[in-house]
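Participant: Just so it is clear, I am handing over query_35.cif, which has mmCIF, C-alpha atoms.
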```cif
data_target
#
loop_
_atom_site.label_atom_id
_atom_site.label_comp_id
_atom_site.auth_asym_id
_atom_site.auth_seq_id
_atom_site.Cartn_x
_atom_site.Cartn_y
_atom_site.Cartn_z
CA MET A 33 -60.69 -133.36 -83.76
CA SER A 34 -62.98 -136.30 -83.31
CA ASP A 35 -66.28 -136.81 -85.06
CA PHE A 36 -68.18 -136.05 -81.89
CA LEU A 37 -66.73 -132.58 -81.48
CA PHE A 38 -66.94 -131.91 -85.22
CA TRP A 39 -70.65 -132.68 -85.49
CA GLY A 40 -71.40 -131.05 -82.14
CA LEU A 41 -69.88 -127.80 -83.33
CA LYS A 42 -71.70 -128.12 -86.67
CA LEU A 43 -74.98 -128.53 -84.79
CA ALA A 44 -74.20 -125.54 -82.58
CA LEU A 45 -73.47 -123.39 -85.64
CA PHE A 46 -76.73 -124.54 -87.25
CA LEU A 47 -78.75 -123.68 -84.13
CA LEU A 48 -77.11 -120.25 -83.95
CA ALA A 49 -77.94 -119.69 -87.61
CA VAL A 50 -81.58 -120.56 -86.87
CA ALA A 51 -81.49 -118.10 -83.96
CA MET A 52 -80.11 -115.35 -86.19
CA PHE A 53 -82.76 -116.11 -88.80
CA CYS A 54 -85.52 -115.72 -86.17
CA ALA A 55 -84.02 -112.41 -85.04
CA VAL A 56 -83.85 -111.16 -88.64
CA ALA A 57 -87.49 -112.20 -89.16
CA ARG A 58 -88.55 -110.12 -86.15
CA LEU A 59 -86.34 -107.29 -87.41
CA LEU A 60 -88.21 -107.29 -90.72
CA ILE A 61 -91.80 -107.83 -89.53
CA GLY A 62 -91.57 -106.04 -86.16
CA PRO A 63 -94.58 -103.75 -85.95
CA THR A 64 -92.96 -101.03 -83.84
CA ALA A 65 -89.52 -99.46 -83.70
CA GLN A 66 -88.69 -100.91 -80.29
CA ASP A 67 -89.34 -104.42 -81.64
CA ARG A 68 -86.71 -103.81 -84.28
CA VAL A 69 -84.19 -102.50 -81.75
CA MET A 70 -84.77 -105.55 -79.57
CA ALA A 71 -84.33 -107.86 -82.57
CA LEU A 72 -81.05 -106.15 -83.43
CA ASP A 73 -79.91 -106.61 -79.83
CA CYS A 74 -80.70 -110.33 -80.03
CA LEU A 75 -79.01 -110.54 -83.45
CA TYR A 76 -75.67 -109.18 -82.27
CA ILE A 77 -75.61 -111.49 -79.26
CA ASN A 78 -76.24 -114.47 -81.52
CA GLY A 79 -73.53 -113.31 -83.91
CA MET A 80 -71.11 -112.96 -81.01
CA LEU A 81 -71.89 -116.52 -79.88
CA MET A 82 -71.29 -117.72 -83.42
CA MET A 83 -67.89 -115.99 -83.36
CA LEU A 84 -66.98 -117.85 -80.15
CA VAL A 85 -68.03 -121.21 -81.65
CA LEU A 86 -66.03 -120.44 -84.80
CA GLY A 87 -63.04 -119.76 -82.56
CA ILE A 88 -63.36 -123.31 -81.24
CA VAL A 89 -63.83 -124.72 -84.75
CA TYR A 90 -60.67 -123.12 -86.11
CA ALA A 91 -58.78 -123.38 -82.76
CA SER A 92 -57.79 -119.73 -83.05
CA ASN A 93 -57.57 -116.95 -80.50
CA VAL A 94 -58.24 -114.16 -82.99
CA TYR A 95 -62.00 -114.66 -82.78
CA PHE A 96 -62.08 -113.44 -79.18
CA GLU A 97 -61.15 -109.92 -80.13
CA ALA A 98 -63.82 -109.93 -82.83
CA ALA A 99 -66.44 -111.21 -80.38
CA MET A 100 -65.39 -108.61 -77.82
CA LEU A 101 -65.70 -105.83 -80.41
CA ILE A 102 -69.12 -107.08 -81.48
CA ALA A 103 -70.27 -107.06 -77.84
CA LEU A 104 -68.91 -103.55 -77.27
CA PHE A 105 -70.31 -101.90 -80.37
CA GLY A 106 -73.57 -103.83 -80.20
CA PHE A 107 -74.18 -102.53 -76.69
CA VAL A 108 -73.37 -98.98 -77.74
CA GLY A 109 -75.67 -99.22 -80.75
CA SER A 110 -78.61 -100.71 -78.87
CA THR A 111 -78.32 -98.21 -76.04
CA VAL A 112 -78.11 -95.27 -78.41
CA MET A 113 -81.15 -96.43 -80.37
CA ALA A 114 -83.17 -96.99 -77.20
CA LYS A 115 -82.14 -93.53 -75.99
CA PHE A 116 -83.21 -92.06 -79.30
CA LEU A 117 -86.61 -93.72 -78.98
CA LEU A 118 -86.94 -92.38 -75.45
CA ARG A 119 -85.90 -88.76 -75.96
CA GLY A 120 -85.90 -88.04 -79.67
CA GLU A 121 -82.19 -87.20 -79.72
CA VAL A 122 -79.05 -89.00 -78.63
CA ILE A 123 -76.89 -86.36 -76.94
CA GLU A 124 -78.72 -83.55 -75.21
CA MET B 63 -54.74 -129.05 -87.97
CA SER B 64 -55.22 -128.89 -84.23
CA THR B 65 -53.75 -131.24 -81.69
CA ALA B 66 -55.90 -134.06 -80.44
CA LEU B 67 -57.70 -133.51 -77.16
CA PRO B 68 -58.69 -136.14 -74.61
CA LEU B 69 -62.13 -137.51 -75.24
CA TRP B 70 -63.77 -136.12 -72.10
CA ALA B 71 -62.72 -132.58 -73.05
CA GLU B 72 -64.13 -132.94 -76.55
CA VAL B 73 -67.40 -134.39 -75.28
CA LEU B 74 -67.82 -131.63 -72.69
CA THR B 75 -66.95 -128.92 -75.20
CA ALA B 76 -69.43 -130.21 -77.76
CA LEU B 77 -72.11 -130.63 -75.08
CA PHE B 78 -71.78 -127.10 -73.74
CA ALA B 79 -71.58 -125.58 -77.22
CA VAL B 80 -74.76 -127.33 -78.35
CA LEU B 81 -76.49 -126.45 -75.07
CA GLY B 82 -75.63 -122.77 -75.38
CA ALA B 83 -76.65 -122.64 -79.02
CA ALA B 84 -79.93 -124.35 -78.15
CA PHE B 85 -80.60 -121.74 -75.44
CA ALA B 86 -79.92 -118.97 -77.95
CA ALA B 87 -82.17 -120.61 -80.54
CA ILE B 88 -85.03 -121.04 -78.05
CA GLY B 89 -84.73 -117.42 -76.96
CA SER B 90 -84.73 -116.13 -80.52
CA PHE B 91 -87.65 -118.38 -81.43
CA GLY B 92 -89.61 -116.84 -78.56
CA LEU B 93 -88.81 -113.46 -80.11
CA VAL B 94 -90.76 -114.52 -83.19
CA ARG B 95 -93.54 -116.45 -81.50
CA LEU B 96 -94.72 -114.39 -78.50
CA PRO B 97 -97.64 -112.02 -79.14
CA THR B 98 -96.84 -108.55 -77.74
CA PHE B 99 -93.69 -106.53 -77.08
CA PHE B 100 -94.02 -106.89 -73.33
CA HIS B 101 -93.97 -110.65 -73.72
CA ARG B 102 -91.22 -110.59 -76.29
CA ILE B 103 -88.76 -108.57 -74.21
CA HIS B 104 -88.31 -111.59 -71.93
CA ALA B 105 -87.33 -114.11 -74.59
CA PRO B 106 -83.84 -113.02 -75.79
CA THR B 107 -82.54 -112.73 -72.24
CA LEU B 108 -82.35 -116.55 -72.21
CA GLY B 109 -79.74 -116.41 -74.96
CA ALA B 110 -77.98 -113.46 -73.34
CA THR B 111 -77.49 -115.26 -70.03
CA ALA B 112 -77.61 -119.05 -70.28
CA GLY B 113 -76.45 -119.20 -73.89
CA VAL B 114 -73.46 -116.93 -73.36
CA TRP B 115 -72.45 -118.74 -70.16
CA CYS B 116 -72.62 -122.21 -71.73
CA ILE B 117 -70.59 -121.25 -74.80
CA THR B 118 -68.07 -119.46 -72.59
CA ILE B 119 -67.65 -122.64 -70.52
CA ALA B 120 -67.12 -124.62 -73.75
CA THR B 121 -64.50 -122.11 -74.93
CA ILE B 122 -62.65 -122.09 -71.60
CA LEU B 123 -62.63 -125.91 -71.51
CA TYR B 124 -61.35 -126.28 -75.05
CA PHE B 125 -58.57 -123.72 -74.92
CA SER B 126 -57.49 -124.64 -71.39
CA VAL B 127 -57.05 -128.31 -72.31
CA GLN B 128 -55.50 -127.48 -75.67
CA GLY B 129 -52.98 -124.96 -74.31
CA HIS B 130 -52.27 -126.78 -70.99
CA LYS B 131 -52.97 -123.64 -68.98
CA LEU B 132 -56.00 -121.81 -67.70
CA PHE B 133 -57.62 -119.67 -70.39
CA LEU B 134 -59.97 -117.11 -68.93
CA HIS B 135 -60.20 -114.41 -71.60
CA ALA B 136 -63.71 -115.47 -72.58
CA THR B 137 -64.97 -114.66 -69.10
CA LEU B 138 -64.39 -111.00 -69.97
CA ILE B 139 -66.98 -111.19 -72.74
CA THR B 140 -69.46 -112.94 -70.46
CA LEU B 141 -69.04 -110.39 -67.70
CA PHE B 142 -69.44 -107.56 -70.21
CA VAL B 143 -72.65 -109.04 -71.62
CA ALA B 144 -73.97 -109.73 -68.12
CA LEU B 145 -73.34 -106.07 -67.25
CA THR B 146 -74.75 -104.51 -70.40
CA ALA B 147 -77.78 -106.63 -71.33
CA PRO B 148 -79.92 -105.36 -68.39
CA ILE B 149 -79.01 -101.76 -69.23
CA THR B 150 -80.24 -102.15 -72.79
CA THR B 151 -83.38 -103.92 -71.61
CA ILE B 152 -84.21 -101.19 -69.07
CA PHE B 153 -83.67 -98.45 -71.66
CA LEU B 154 -85.87 -100.24 -74.20
CA MET B 155 -88.56 -100.86 -71.60
CA ARG B 156 -88.66 -97.19 -70.58
CA ALA B 157 -88.74 -96.12 -74.22
CA THR B 158 -91.61 -98.48 -74.91
CA LEU B 159 -93.61 -97.34 -71.87
CA PHE B 160 -93.05 -93.72 -72.89
CA ARG B 161 -94.17 -94.32 -76.46
CA GLU B 162 -97.21 -96.35 -75.40
CA ARG B 163 -98.27 -93.55 -73.04
CA GLN B 164 -97.85 -91.05 -75.83
CA LYS B 165 -100.12 -93.18 -77.99
CA GLY B 166 -102.60 -93.65 -75.14
CA GLY B 167 -102.04 -97.38 -74.99
CA ASP B 168 -103.09 -99.75 -72.24
CA VAL B 169 -100.05 -99.40 -69.95
CA PRO B 170 -99.78 -98.29 -66.31
CA PRO B 171 -99.54 -94.51 -65.82
CA ALA B 172 -96.28 -92.83 -64.91
CA ALA B 173 -95.30 -92.61 -61.26
CA LEU B 174 -95.91 -89.23 -59.65
CA SER B 175 -92.32 -88.79 -58.50
CA SER B 176 -90.84 -89.71 -61.87
CA GLU B 177 -87.99 -87.51 -62.96
CA SER B 178 -89.51 -87.07 -66.40
CA ALA B 179 -93.03 -86.52 -65.14
CA PRO B 180 -93.87 -83.28 -67.00
CA THR B 181 -93.11 -84.80 -70.38
CA ASP B 182 -94.92 -88.07 -69.74
CA VAL B 183 -98.52 -88.25 -70.79
CA GLY B 184 -99.84 -90.29 -67.90
CA GLN B 185 -103.55 -90.61 -68.49
CA PRO B 186 -104.93 -90.87 -71.98
CA THR B 187 -107.37 -88.03 -72.54
CA GLY B 188 -109.06 -88.92 -75.80
CA PRO B 189 -110.82 -92.13 -76.73
CA ARG B 190 -108.49 -95.07 -77.06
CA ASP B 191 -107.79 -96.02 -80.61
CA ARG B 192 -106.65 -99.60 -80.17
#
```
Can you present the structure in this file as structure tokens?
Facilitator:
Amino acid sequence: MSDFLFWGLKLALFLLAVAMFCAVARLLIGPTAQDRVMALDCLYINGMLMMLVLGIVYASNVYFEAAMLIALFGFVGSTVMAKFLLRGEVIE
Amino acid sequence: MSTALPLWAEVLTALFAVLGAAFAAIGSFGLVRLPTFFHRIHAPTLGATAGVWCITIATILYFSVQGHKLFLHATLITLFVALTAPITTIFLMRATLFRERQKGGDVPPAALSSESAPTDVGQPTGPRDR
């Protein structure tokens, strides 16, 4: 692994960490409930991207399954929370 | 620990990874900076589309060159995110419109032929408390 790829991946991980920090800030200060749900949605997408970049860093295929699971359960969680905000219950 | 790649593959991988991470960071920064919810809902979609696509291209490039065969598993994640992100956004948008109407906020009234028309409070009756 050359220096270029090494520092490029380090920079990408740093930018994704900044993105996750911004999402956590909105999650904490969000004035309404839907702001917090949206911040959580953004947070899981950033975490999934970080998993993909870590898969390149360690040259391992295992991170794909983790990223896929994060995408699946993140979607389910966000949709269920939005549905709860809309109707007051999840399964009617 | 990993085998050495040709230089063009490493440069392209690093470029696309940094580009995708920058898209995600810009989108998340907009989440903090924009003033109202209806502005903010637009910002993270940049990371969910352009960011995911760029990092997927970087992953496909790296593992295809490293393994000497086409590696397309990451496209599955991208297609899944491209399918599900609009669904979440539409649900959140409808929930927000519903809650703002309940509060009597400054949002457009519900359509007359809406399927949930009886439960929606279309016009605010009392004085607006905003």
Participant: Just how far from atom CA of Val94 of chain A is atom CA of Ala83 of chain B, in Å to one decimal?
Facilitator: 20.7 Å
Participant: Using all atoms listed in the file, can you tell me which of B:Gly129, B:Pro106, B:Pro148, B:Pro170 comes closest to chain A?
Facilitator: B:Pro106
Participant: Residues of chain B within 7 Å of chain A, counting all atoms listed in the file, what are they? List them as number ranges by chain.
Facilitator: B: 64, 66, 72-73, 76, 79-80, 83-84, 86-87, 90-91, 93-94, 99, 106, 110, 114, 121, 139, 143, 146, 150, 153-154, 157-158, 160
Participant: May I ask for the distance between atom CA of Leu77 of chain B and atom CA of Ala120 of chain B, given in Å to one decimal place?
Facilitator: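 That distance, rounded to one decimal, is 7.9 Å.
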Participant: Could you state the separation of atom CA of Thr75 of chain B and atom CA of His104 of chain B in Å, given to one decimal place?
Facilitator: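 Atom CA of His104 of chain B lies at a distance of 27.7 Å from atom CA of Thr75 of chain B.
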Participant: Would you mind writing segment 61-97 of chain A with N, CA and C atoms, as a PDB file, keeping the file's coordinate frame?
Facilitator:
```
ATOM      1  N   ILE A  61     -90.350-107.942 -89.670  1.00  0.00           N
ATOM      2  CA  ILE A  61     -91.800-107.830 -89.530  1.00  0.00           C
ATOM      3  C   ILE A  61     -92.203-107.071 -88.287  1.00  0.00           C
ATOM      4  N   GLY A  62     -91.222-106.657 -87.441  1.00  0.00           N
ATOM      5  CA  GLY A  62     -91.570-106.040 -86.160  1.00  0.00           C
ATOM      6  C   GLY A  62     -92.479-104.862 -86.349  1.00  0.00           C
ATOM      7  N   PRO A  63     -93.639-104.837 -85.664  1.00  0.00           N
ATOM      8  CA  PRO A  63     -94.580-103.750 -85.950  1.00  0.00           C
ATOM      9  C   PRO A  63     -94.088-102.395 -85.470  1.00  0.00           C
ATOM     10  N   THR A  64     -93.385-102.336 -84.356  1.00  0.00           N
ATOM     11  CA  THR A  64     -92.960-101.030 -83.840  1.00  0.00           C
ATOM     12  C   THR A  64     -91.442-100.920 -83.885  1.00  0.00           C
ATOM     13  N   ALA A  65     -90.956 -99.704 -83.628  1.00  0.00           N
ATOM     14  CA  ALA A  65     -89.520 -99.460 -83.700  1.00  0.00           C
ATOM     15  C   ALA A  65     -88.785-100.190 -82.586  1.00  0.00           C
ATOM     16  N   GLN A  66     -89.398-100.259 -81.392  1.00  0.00           N
ATOM     17  CA  GLN A  66     -88.690-100.910 -80.290  1.00  0.00           C
ATOM     18  C   GLN A  66     -88.570-102.410 -80.508  1.00  0.00           C
ATOM     19  N   ASP A  67     -89.501-103.017 -81.265  1.00  0.00           N
ATOM     20  CA  ASP A  67     -89.340-104.420 -81.640  1.00  0.00           C
ATOM     21  C   ASP A  67     -88.097-104.616 -82.492  1.00  0.00           C
ATOM     22  N   ARG A  68     -87.880-103.678 -83.401  1.00  0.00           N
ATOM     23  CA  ARG A  68     -86.710-103.810 -84.280  1.00  0.00           C
ATOM     24  C   ARG A  68     -85.410-103.629 -83.507  1.00  0.00           C
ATOM     25  N   VAL A  69     -85.406-102.687 -82.564  1.00  0.00           N
ATOM     26  CA  VAL A  69     -84.190-102.500 -81.750  1.00  0.00           C
ATOM     27  C   VAL A  69     -83.906-103.750 -80.923  1.00  0.00           C
ATOM     28  N   MET A  70     -84.948-104.337 -80.367  1.00  0.00           N
ATOM     29  CA  MET A  70     -84.770-105.550 -79.570  1.00  0.00           C
ATOM     30  C   MET A  70     -84.271-106.701 -80.436  1.00  0.00           C
ATOM     31  N   ALA A  71     -84.787-106.798 -81.664  1.00  0.00           N
ATOM     32  CA  ALA A  71     -84.330-107.860 -82.570  1.00  0.00           C
ATOM     33  C   ALA A  71     -82.874-107.666 -82.933  1.00  0.00           C
ATOM     34  N   LEU A  72     -82.455-106.409 -83.113  1.00  0.00           N
ATOM     35  CA  LEU A  72     -81.050-106.150 -83.430  1.00  0.00           C
ATOM     36  C   LEU A  72     -80.153-106.505 -82.249  1.00  0.00           C
ATOM     37  N   ASP A  73     -80.633-106.228 -81.043  1.00  0.00           N
ATOM     38  CA  ASP A  73     -79.910-106.610 -79.830  1.00  0.00           C
ATOM     39  C   ASP A  73     -79.705-108.128 -79.779  1.00  0.00           C
ATOM     40  N   CYS A  74     -80.785-108.859 -80.028  1.00  0.00           N
ATOM     41  CA  CYS A  74     -80.700-110.330 -80.030  1.00  0.00           C
ATOM     42  C   CYS A  74     -79.776-110.811 -81.152  1.00  0.00           C
ATOM     43  N   LEU A  75     -79.826-110.125 -82.297  1.00  0.00           N
ATOM     44  CA  LEU A  75     -79.010-110.540 -83.450  1.00  0.00           C
ATOM     45  C   LEU A  75     -77.522-110.407 -83.159  1.00  0.00           C
ATOM     46  N   TYR A  76     -77.113-109.307 -82.509  1.00  0.00           N
ATOM     47  CA  TYR A  76     -75.670-109.180 -82.270  1.00  0.00           C
ATOM     48  C   TYR A  76     -75.194-110.150 -81.218  1.00  0.00           C
ATOM     49  N   ILE A  77     -76.044-110.490 -80.260  1.00  0.00           N
ATOM     50  CA  ILE A  77     -75.610-111.490 -79.260  1.00  0.00           C
ATOM     51  C   ILE A  77     -75.453-112.857 -79.921  1.00  0.00           C
ATOM     52  N   ASN A  78     -76.383-113.193 -80.827  1.00  0.00           N
ATOM     53  CA  ASN A  78     -76.240-114.470 -81.520  1.00  0.00           C
ATOM     54  C   ASN A  78     -75.008-114.491 -82.421  1.00  0.00           C
ATOM     55  N   GLY A  79     -74.734-113.373 -83.078  1.00  0.00           N
ATOM     56  CA  GLY A  79     -73.530-113.310 -83.910  1.00  0.00           C
ATOM     57  C   GLY A  79     -72.259-113.433 -83.091  1.00  0.00           C
ATOM     58  N   MET A  80     -72.280-112.842 -81.885  1.00  0.00           N
ATOM     59  CA  MET A  80     -71.110-112.960 -81.010  1.00  0.00           C
ATOM     60  C   MET A  80     -70.908-114.402 -80.560  1.00  0.00           C
ATOM     61  N   LEU A  81     -72.007-115.103 -80.249  1.00  0.00           N
ATOM     62  CA  LEU A  81     -71.890-116.520 -79.880  1.00  0.00           C
ATOM     63  C   LEU A  81     -71.351-117.341 -81.041  1.00  0.00           C
ATOM     64  N   MET A  82     -71.790-116.997 -82.249  1.00  0.00           N
ATOM     65  CA  MET A  82     -71.290-117.720 -83.420  1.00  0.00           C
ATOM     66  C   MET A  82     -69.790-117.488 -83.599  1.00  0.00           C
ATOM     67  N   MET A  83     -69.335-116.260 -83.307  1.00  0.00           N
ATOM     68  CA  MET A  83     -67.890-115.990 -83.360  1.00  0.00           C
ATOM     69  C   MET A  83     -67.128-116.862 -82.372  1.00  0.00           C
ATOM     70  N   LEU A  84     -67.668-117.017 -81.156  1.00  0.00           N
ATOM     71  CA  LEU A  84     -66.980-117.850 -80.150  1.00  0.00           C
ATOM     72  C   LEU A  84     -66.915-119.303 -80.611  1.00  0.00           C
ATOM     73  N   VAL A  85     -68.026-119.820 -81.176  1.00  0.00           N
ATOM     74  CA  VAL A  85     -68.030-121.210 -81.650  1.00  0.00           C
ATOM     75  C   VAL A  85     -67.054-121.373 -82.817  1.00  0.00           C
ATOM     76  N   LEU A  86     -66.990-120.370 -83.696  1.00  0.00           N
ATOM     77  CA  LEU A  86     -66.030-120.440 -84.800  1.00  0.00           C
ATOM     78  C   LEU A  86     -64.598-120.432 -84.288  1.00  0.00           C
ATOM     79  N   GLY A  87     -64.357-119.717 -83.180  1.00  0.00           N
ATOM     80  CA  GLY A  87     -63.040-119.760 -82.560  1.00  0.00           C
ATOM     81  C   GLY A  87     -62.662-121.148 -82.103  1.00  0.00           C
ATOM     82  N   ILE A  88     -63.649-121.917 -81.605  1.00  0.00           N
ATOM     83  CA  ILE A  88     -63.360-123.310 -81.240  1.00  0.00           C
ATOM     84  C   ILE A  88     -63.118-124.145 -82.488  1.00  0.00           C
ATOM     85  N   VAL A  89     -63.936-123.904 -83.532  1.00  0.00           N
ATOM     86  CA  VAL A  89     -63.830-124.720 -84.750  1.00  0.00           C
ATOM     87  C   VAL A  89     -62.439-124.570 -85.365  1.00  0.00           C
ATOM     88  N   TYR A  90     -61.969-123.342 -85.477  1.00  0.00           N
ATOM     89  CA  TYR A  90     -60.670-123.120 -86.110  1.00  0.00           C
ATOM     90  C   TYR A  90     -59.519-123.112 -85.116  1.00  0.00           C
ATOM     91  N   ALA A  91     -59.804-123.342 -83.817  1.00  0.00           N
ATOM     92  CA  ALA A  91     -58.780-123.380 -82.760  1.00  0.00           C
ATOM     93  C   ALA A  91     -57.895-122.143 -82.814  1.00  0.00           C
ATOM     94  N   SER A  92     -58.531-120.977 -82.893  1.00  0.00           N
ATOM     95  CA  SER A  92     -57.790-119.730 -83.050  1.00  0.00           C
ATOM     96  C   SER A  92     -58.225-118.729 -81.994  1.00  0.00           C
ATOM     97  N   ASN A  93     -57.274-117.942 -81.520  1.00  0.00           N
ATOM     98  CA  ASN A  93     -57.570-116.950 -80.500  1.00  0.00           C
ATOM     99  C   ASN A  93     -58.068-115.632 -81.071  1.00  0.00           C
ATOM    100  N   VAL A  94     -57.936-115.454 -82.385  1.00  0.00           N
ATOM    101  CA  VAL A  94     -58.240-114.160 -82.990  1.00  0.00           C
ATOM    102  C   VAL A  94     -59.717-113.837 -82.862  1.00  0.00           C
ATOM    103  N   TYR A  95     -60.564-114.883 -82.797  1.00  0.00           N
ATOM    104  CA  TYR A  95     -62.000-114.660 -82.780  1.00  0.00           C
ATOM    105  C   TYR A  95     -62.473-114.006 -81.502  1.00  0.00           C
ATOM    106  N   PHE A  96     -61.662-114.079 -80.429  1.00  0.00           N
ATOM    107  CA  PHE A  96     -62.080-113.440 -79.180  1.00  0.00           C
ATOM    108  C   PHE A  96     -62.154-111.946 -79.315  1.00  0.00           C
ATOM    109  N   GLU A  97     -61.152-111.373 -79.967  1.00  0.00           N
ATOM    110  CA  GLU A  97     -61.150-109.920 -80.130  1.00  0.00           C
ATOM    111  C   GLU A  97     -62.352-109.489 -80.963  1.00  0.00           C
TER     112      GLU A  97
END
```
